[in-house]
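The file data11.cif contains mmCIF, C-alpha atoms:
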data_data
loop_
_atom_site.label_atom_id
_atom_site.label_comp_id
_atom_site.auth_asym_id
_atom_site.auth_seq_id
_atom_site.Cartn_x
_atom_site.Cartn_y
_atom_site.Cartn_z
CA MET W 1 33.41 -62.75 -137.83
CA SER W 2 37.01 -61.52 -138.18
CA GLU W 3 36.20 -58.35 -136.26
CA THR W 4 34.82 -60.42 -133.38
CA ILE W 5 37.99 -62.56 -133.25
CA GLU W 6 40.20 -59.47 -133.37
CA LYS W 7 38.28 -57.86 -130.49
CA GLN W 8 38.52 -61.06 -128.44
CA THR W 9 42.30 -61.21 -129.08
CA ASN W 10 42.76 -57.59 -128.00
CA LYS W 11 40.80 -58.29 -124.80
CA ASN W 12 42.95 -61.29 -123.98
CA THR W 13 46.09 -59.30 -124.61
CA ASN W 14 44.95 -56.53 -122.33
CA LYS W 15 44.10 -59.05 -119.61
CA VAL W 16 47.57 -60.62 -119.81
CA LEU W 17 49.21 -57.20 -119.69
CA PHE W 18 47.10 -56.24 -116.69
CA VAL W 19 48.04 -59.43 -114.87
CA LEU W 20 51.76 -58.87 -115.57
CA VAL W 21 51.55 -55.32 -114.25
CA LEU W 22 49.81 -56.51 -111.09
CA LEU W 23 52.43 -59.20 -110.57
CA SER W 24 55.21 -56.66 -111.04
CA VAL W 25 53.68 -54.30 -108.50
CA PHE W 26 53.05 -57.20 -106.14
CA PHE W 27 56.64 -58.41 -106.30
CA ILE W 28 57.98 -54.90 -105.84
CA ALA W 29 55.73 -54.32 -102.79
CA LEU W 30 56.60 -57.62 -101.13
CA ARG W 31 59.47 -57.87 -98.77
CA LEU W 32 62.45 -59.79 -100.02
CA THR W 33 61.75 -62.94 -98.09
CA PRO W 34 63.30 -66.23 -99.23
CA ALA W 35 60.01 -67.27 -100.76
CA VAL W 36 59.65 -64.03 -102.69
CA GLN W 37 63.27 -64.26 -103.92
CA THR W 38 62.59 -67.80 -105.09
CA ILE W 39 59.53 -66.69 -107.06
CA LYS W 40 61.47 -63.75 -108.58
CA GLN W 41 64.30 -66.00 -109.67
CA LEU W 42 61.83 -68.45 -111.16
CA ALA W 43 60.15 -65.67 -113.14
CA TYR W 44 63.58 -64.40 -114.24
CA TYR W 45 64.62 -67.79 -115.57
CA ILE W 46 61.31 -68.14 -117.42
CA LEU W 47 61.49 -64.69 -119.03
CA MET W 48 65.27 -64.44 -119.45
CA PRO W 49 65.63 -66.50 -122.69
CA GLY W 50 63.22 -64.18 -124.52
CA LEU W 51 64.97 -61.08 -123.22
CA GLN W 52 68.39 -62.52 -124.09
CA ILE W 53 67.28 -63.43 -127.60
CA SER W 54 65.89 -59.93 -128.11
CA SER W 55 69.13 -58.38 -126.86
CA GLU W 56 71.27 -60.56 -129.12
CA THR W 57 68.98 -59.81 -132.06
CA PHE W 58 69.37 -56.07 -131.56
CA THR W 59 73.11 -56.45 -131.10
CA LYS W 60 73.53 -58.50 -134.28
CA THR W 61 71.26 -56.14 -136.20
CA GLY W 62 73.36 -53.20 -135.08
CA GLY W 63 76.56 -54.97 -136.17
CA PHE W 64 75.04 -55.82 -139.56
CA ILE W 65 73.97 -52.20 -140.10
CA LYS W 66 77.46 -51.04 -139.16
CA LYS W 67 79.02 -53.44 -141.67
CA VAL W 68 76.65 -52.25 -144.39
CA TYR W 69 77.54 -48.65 -143.58
CA ASN W 70 81.26 -49.44 -143.79
CA ILE W 71 80.79 -51.17 -147.16
CA VAL W 72 78.90 -48.16 -148.54
CA ARG W 73 81.53 -45.77 -147.17
CA ILE W 74 84.43 -47.78 -148.69
CA SER W 75 82.59 -48.01 -152.01
CA ARG W 76 82.18 -44.23 -152.09
CA GLU W 77 85.83 -43.72 -151.21
CA ASN W 78 86.87 -46.10 -154.02
CA ALA W 79 84.67 -44.23 -156.48
CA ASP W 80 86.24 -40.92 -155.41
CA LEU W 81 89.73 -42.40 -155.78
CA ARG W 82 88.90 -43.72 -159.26
CA ASN W 83 87.70 -40.26 -160.28
CA GLU W 84 90.89 -38.69 -158.93
CA ILE W 85 93.04 -41.22 -160.82
CA PHE W 86 91.07 -40.53 -164.02
CA GLU W 87 91.57 -36.78 -163.65
CA LEU W 88 95.30 -37.23 -162.93
CA ASN W 89 95.73 -39.47 -165.99
CA LYS W 90 93.91 -36.90 -168.11
CA LYS W 91 96.16 -34.10 -166.85
CA LEU W 92 99.23 -36.27 -167.44
CA SER W 93 98.09 -36.99 -171.00
CA ASP W 94 97.51 -33.27 -171.67
CA TYR W 95 100.91 -32.47 -170.19
CA GLN W 96 102.58 -35.08 -172.42
CA LEU W 97 100.91 -33.60 -175.52
CA VAL W 98 102.15 -30.12 -174.63
CA LEU W 99 105.62 -31.50 -173.93
CA ASP W 100 105.72 -33.31 -177.29
CA ASP W 101 104.61 -30.14 -179.09
CA ASN W 102 107.32 -28.11 -177.35
CA ILE W 103 109.96 -30.70 -178.24
CA ARG W 104 108.94 -30.66 -181.92
CA LEU W 105 108.95 -26.87 -182.05
CA LYS W 106 112.33 -26.75 -180.36
CA GLN W 107 113.72 -29.20 -182.91
CA LEU W 108 112.28 -27.15 -185.75
CA LEU W 109 113.88 -23.99 -184.39
CA LYS W 110 117.20 -25.81 -184.12
CA ILE W 111 117.25 -26.35 -187.90
CA LYS W 112 118.43 -22.79 -188.49
CA GLU W 113 121.36 -23.34 -186.15
CA ASP W 114 122.46 -26.64 -187.67
CA LYS W 115 121.81 -25.98 -191.38
CA ASN W 116 122.86 -23.17 -193.65
CA PHE W 117 119.50 -22.30 -195.12
CA GLU W 118 116.47 -20.20 -194.34
CA SER W 119 113.23 -22.00 -193.58
CA VAL W 120 109.55 -21.33 -193.00
CA PHE W 121 107.77 -23.43 -190.37
CA ALA W 122 104.23 -24.56 -191.16
CA ASN W 123 101.49 -26.83 -189.87
CA ILE W 124 99.77 -29.51 -191.90
CA ILE W 125 96.08 -28.57 -191.96
CA ILE W 126 94.60 -30.99 -194.52
CA ARG W 127 95.48 -34.56 -195.46
CA GLU W 128 92.85 -36.40 -197.46
CA PRO W 129 92.59 -40.14 -196.61
CA SER W 130 92.01 -41.00 -200.28
CA GLN W 131 95.30 -39.25 -201.19
CA TRP W 132 97.21 -40.03 -198.03
CA TYR W 133 100.49 -40.77 -199.79
CA GLN W 134 100.17 -37.99 -202.38
CA TRP W 135 99.36 -34.56 -200.94
CA VAL W 136 99.03 -32.41 -197.84
CA ILE W 137 97.97 -28.79 -197.42
CA ILE W 138 99.98 -26.47 -195.14
CA ASN W 139 99.03 -23.11 -193.62
CA LYS W 140 101.78 -21.03 -195.28
CA GLY W 141 101.92 -19.58 -198.78
CA ILE W 142 103.06 -16.69 -200.97
CA SER W 143 102.64 -14.14 -198.17
CA ASP W 144 105.20 -16.15 -196.16
CA GLY W 145 107.78 -16.25 -198.95
CA ILE W 146 107.12 -19.82 -200.10
CA THR W 147 107.73 -20.60 -203.77
CA LYS W 148 106.88 -23.50 -206.03
CA ASP W 149 109.21 -26.55 -206.00
CA ALA W 150 110.71 -25.54 -202.64
CA PRO W 151 111.90 -28.59 -200.64
CA VAL W 152 109.99 -29.62 -197.53
CA ILE W 153 111.54 -31.45 -194.59
CA ALA W 154 110.13 -32.90 -191.34
CA ILE W 155 111.46 -33.61 -187.87
CA LEU W 156 111.85 -37.15 -186.49
CA THR W 157 111.30 -37.98 -182.84
CA ASN W 158 115.05 -38.37 -182.32
CA GLY W 159 115.65 -34.82 -183.56
CA ASP W 160 116.94 -35.72 -187.04
CA ILE W 161 115.43 -34.18 -190.16
CA CYS W 162 114.09 -36.18 -193.09
CA VAL W 163 112.81 -35.50 -196.59
CA PHE W 164 109.04 -34.91 -196.66
CA GLY W 165 108.21 -33.60 -200.14
CA ARG W 166 108.25 -30.46 -202.27
CA ILE W 167 105.91 -27.53 -202.85
CA PHE W 168 103.65 -28.31 -205.81
CA GLU W 169 101.17 -25.41 -205.76
CA VAL W 170 101.32 -22.09 -203.89
CA TYR W 171 98.43 -19.85 -202.84
CA GLN W 172 98.31 -16.65 -200.86
CA ASN W 173 98.15 -18.24 -197.39
CA THR W 174 98.35 -21.98 -198.08
CA SER W 175 100.41 -24.38 -200.16
CA LYS W 176 100.01 -27.88 -201.56
CA VAL W 177 102.87 -30.28 -200.83
CA ALA W 178 103.58 -33.29 -203.03
CA LEU W 179 104.93 -36.03 -200.76
CA ILE W 180 107.99 -38.05 -201.76
CA THR W 181 105.68 -41.07 -202.04
CA ASN W 182 103.70 -39.25 -204.77
CA SER W 183 104.14 -40.77 -208.24
CA LEU W 184 104.93 -37.27 -209.57
CA VAL W 185 108.00 -36.92 -207.33
CA SER W 186 111.46 -38.29 -208.07
CA ILE W 187 114.60 -37.24 -206.23
CA PRO W 188 118.27 -38.25 -206.51
CA VAL W 189 119.27 -40.33 -203.49
CA GLN W 190 122.26 -42.29 -202.29
CA ILE W 191 122.68 -45.63 -200.54
CA LYS W 192 124.64 -44.38 -197.57
CA ASN W 193 127.00 -47.30 -196.91
CA SER W 194 127.88 -47.92 -200.57
CA ASN W 195 127.83 -44.32 -201.92
CA VAL W 196 125.79 -45.46 -204.91
CA ASP W 197 123.60 -42.77 -206.48
CA CYS W 198 120.16 -43.60 -207.87
CA ILE W 199 116.65 -42.19 -208.26
CA SER W 200 113.89 -42.55 -205.70
CA ASP W 201 110.41 -42.81 -207.22
CA GLY W 202 107.08 -42.60 -205.42
CA PHE W 203 104.11 -44.67 -206.59
CA ASN W 204 101.24 -43.37 -204.40
CA GLU W 205 101.84 -45.95 -201.69
CA GLN W 206 103.63 -46.05 -198.37
CA ASN W 207 107.02 -47.04 -199.78
CA LEU W 208 109.50 -45.75 -202.35
CA LYS W 209 111.16 -47.65 -205.17
CA LEU W 210 114.81 -47.41 -206.25
CA SER W 211 115.40 -48.86 -209.71
CA PHE W 212 118.43 -49.76 -211.84
CA ILE W 213 120.69 -50.68 -208.94
CA PRO W 214 123.68 -52.78 -210.16
CA ASP W 215 123.02 -56.45 -209.53
CA ASN W 216 126.51 -57.07 -208.21
CA LEU W 217 126.06 -54.51 -205.43
CA ASN W 218 125.74 -56.24 -202.05
CA LEU W 219 122.91 -54.58 -200.12
CA ASN W 220 121.16 -55.40 -196.87
CA VAL W 221 117.73 -54.69 -195.42
CA GLY W 222 117.92 -51.82 -192.92
CA GLU W 223 120.55 -49.78 -194.79
CA GLU W 224 119.84 -46.08 -194.83
CA ILE W 225 119.00 -43.95 -197.87
CA ILE W 226 119.97 -40.25 -197.93
CA THR W 227 119.75 -37.42 -200.43
CA SER W 228 122.43 -37.41 -203.10
CA PRO W 229 124.93 -34.63 -203.78
CA LEU W 230 123.42 -34.64 -207.30
CA SER W 231 120.09 -33.30 -205.99
CA GLY W 232 119.37 -29.77 -207.13
CA VAL W 233 116.55 -29.35 -204.60
CA PHE W 234 117.61 -30.95 -201.31
CA GLU W 235 120.88 -30.48 -199.51
CA ARG W 236 123.08 -33.58 -199.55
CA GLY W 237 122.92 -36.09 -196.70
CA ILE W 238 119.32 -35.55 -195.56
CA LYS W 239 117.72 -38.79 -194.40
CA VAL W 240 115.11 -40.39 -196.65
CA GLY W 241 114.37 -43.87 -195.26
CA GLU W 242 115.55 -47.47 -194.84
CA ILE W 243 115.66 -50.46 -197.18
CA THR W 244 112.87 -52.93 -196.41
CA ASP W 245 113.12 -55.26 -199.41
CA ILE W 246 115.53 -56.13 -202.24
CA ILE W 247 114.14 -57.52 -205.51
CA LYS W 248 116.60 -59.19 -207.87
CA ASN W 249 115.67 -59.58 -211.54
CA ASP W 250 116.63 -62.87 -213.18
CA TYR W 251 116.57 -61.35 -216.65
CA GLY W 252 118.79 -58.31 -216.16
CA ARG W 253 121.83 -56.79 -214.56
CA TYR W 254 119.89 -54.62 -212.14
CA GLN W 255 117.93 -54.97 -208.93
CA GLU W 256 115.13 -52.96 -207.33
CA ILE W 257 115.03 -51.68 -203.77
CA ILE W 258 111.94 -50.94 -201.69
CA VAL W 259 112.44 -48.16 -199.15
CA GLU W 260 110.22 -47.15 -196.25
CA PRO W 261 110.52 -43.35 -195.89
CA TYR W 262 110.99 -41.95 -192.41
CA SER W 263 108.21 -39.46 -193.07
CA GLN W 264 105.69 -42.33 -193.11
CA VAL W 265 106.96 -44.13 -190.01
CA GLN W 266 105.62 -41.60 -187.50
CA SER W 267 102.90 -38.95 -187.29
CA ILE W 268 104.06 -35.56 -188.56
CA TYR W 269 102.14 -32.33 -188.00
CA GLU W 270 104.77 -29.58 -188.37
CA ILE W 271 107.18 -29.23 -191.28
CA ALA W 272 109.77 -26.76 -192.54
CA VAL W 273 109.81 -25.34 -196.06
CA LEU W 274 113.31 -24.45 -197.26
CA LYS W 275 113.45 -21.18 -199.16
CA ASN W 276 115.13 -21.24 -202.56
CA ASP W 277 117.90 -18.74 -203.25
#
Hey, can you dump this file as structure tokens for me?
Amino acid sequence: MSETIEKQTNKNTNKVLFVLVLLSVFFIALRLTPAVQTIKQLAYYILMPGLQISSETFTKTGGFIKKVYNIVRISRENADLRNEIFELNKKLSDYQLVLDDNIRLKQLLKIKEDKNFESVFANIIIREPSQWYQWVIINKGISDGITKDAPVIAILTNGDICVFGRIFEVYQNTSKVALITNSLVSIPVQIKNSNVDCISDGFNEQNLKLSFIPDNLNLNVGEEIITSPLSGVFERGIKVGEITDIIKNDYGRYQEIIVEPYSQVQSIYEIAVLKND
């Protein structure tokens, strides 16, 4: 049944097409008399809306495709620009790391010019999280002239040096450094503004503790602590840290001071071991 309908439809279509072709040939062959022109104009007005709609449809479709193309092109350009920005930021980050390393090395080399002692530069290669405030391992040892109990200093970002620790164990090519925050380390220090000497004790935490400070001594948070002239290991005047808290005892004549060492304020990767005479 469907095949019969389809065949009938095709026949009708062919008939219409044939009639239109005949009419076209007929109108072309006729002379352009007023009557013929009238018939042509009538046919034009009948067929023109369909032709105009088709033309506008193709025009709008072309504009839509062009807009889609422009959107895809701009999206690709944005993706390329994002990749370029990412690569530039990565190069800038790498450059900054190299620059920071060069600045630290330059500051380490400047130690020999500013201080009257011989030093060995080393890198920290191991720092256990469970013993973060106790030990580090460096990549220099006996073969580099390092000896037990030698003082170790570090470089701050502003170029100053600070106390870092002391050599606790020495091996052929490595050494173990006891940090100043280690409970095994005590060093004579001085409250810079008051010239009061005392002992700095580590207790395996981030800060240091200064005990037996006279209660009548007026101290302020932020005052600087430096190494004392009484120290037999470190040269006098090397920076240690700043006061962060003052604890007064109601039952005695002394007060305690909590100090944040400079060596714990920033990340340190290179240090200098001072050789003992």
Ala272 in chain W: which residues within 6 Å, counting all atoms listed in the file, same-chain residues fewer than 3 positions away excluded, as a list in words?
Ser119, Val120, Phe121, Val152 and Ile153 of chain W
Could you tell me how far CA of Ile238 in chain W sits from CA of Leu274 in chain W, in Å to one decimal place?
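Computing the Euclidean distance for CA of Leu274 in chain W and CA of Ile238 in chain W yields 12.7 Å.
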Using all atoms listed in the file, find all polymer residues with an atom at most 6 Å away from the point (103.2, -41.4, -208.3); report them as a list in words.
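Result, sorted by chain then residue number: Asn182, Ser183, Leu184, Gly202, Phe203 and Asn204 of chain W.
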Which one of W:Ile199, W:Ile247, W:Ala150, W:Pro188 sits closest to Leu230 in chain W if you count all atoms listed in the file?
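Smallest distance to Leu230 in chain W is found for W:Pro188.
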Please measure the separation of CA of Thr244 in chain W and CA of Ile124 in chain W, giving the value in Å to one decimal.
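We find that CA of Thr244 in chain W and CA of Ile124 in chain W lie 27.2 Å from each other.
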Which of these, W:Gly232, W:Gly165, W:Gly241, W:Pro214, has the shortest distance to Gln255 in chain W once you count only C-alpha atoms?
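Checking each candidate against Gln255 in chain W, we get W:Pro214 as the closest.
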Please expand the PyMOL selection byres ((chain W and resi 156) around 12) into the concrete residues it hits in this file, giving the result as number ranges by chain.
W: 100, 103-105, 107-108, 153-155, 157-164, 238-241, 261-271
Would you please work out which residue, of W:Asp245, W:Glu235, W:Glu224, W:Glu256, is nearest to Phe212 in chain W when using all atoms listed in the file?
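Looking only at the distances to Phe212 in chain W, the closest residue turns out to be W:Glu256.
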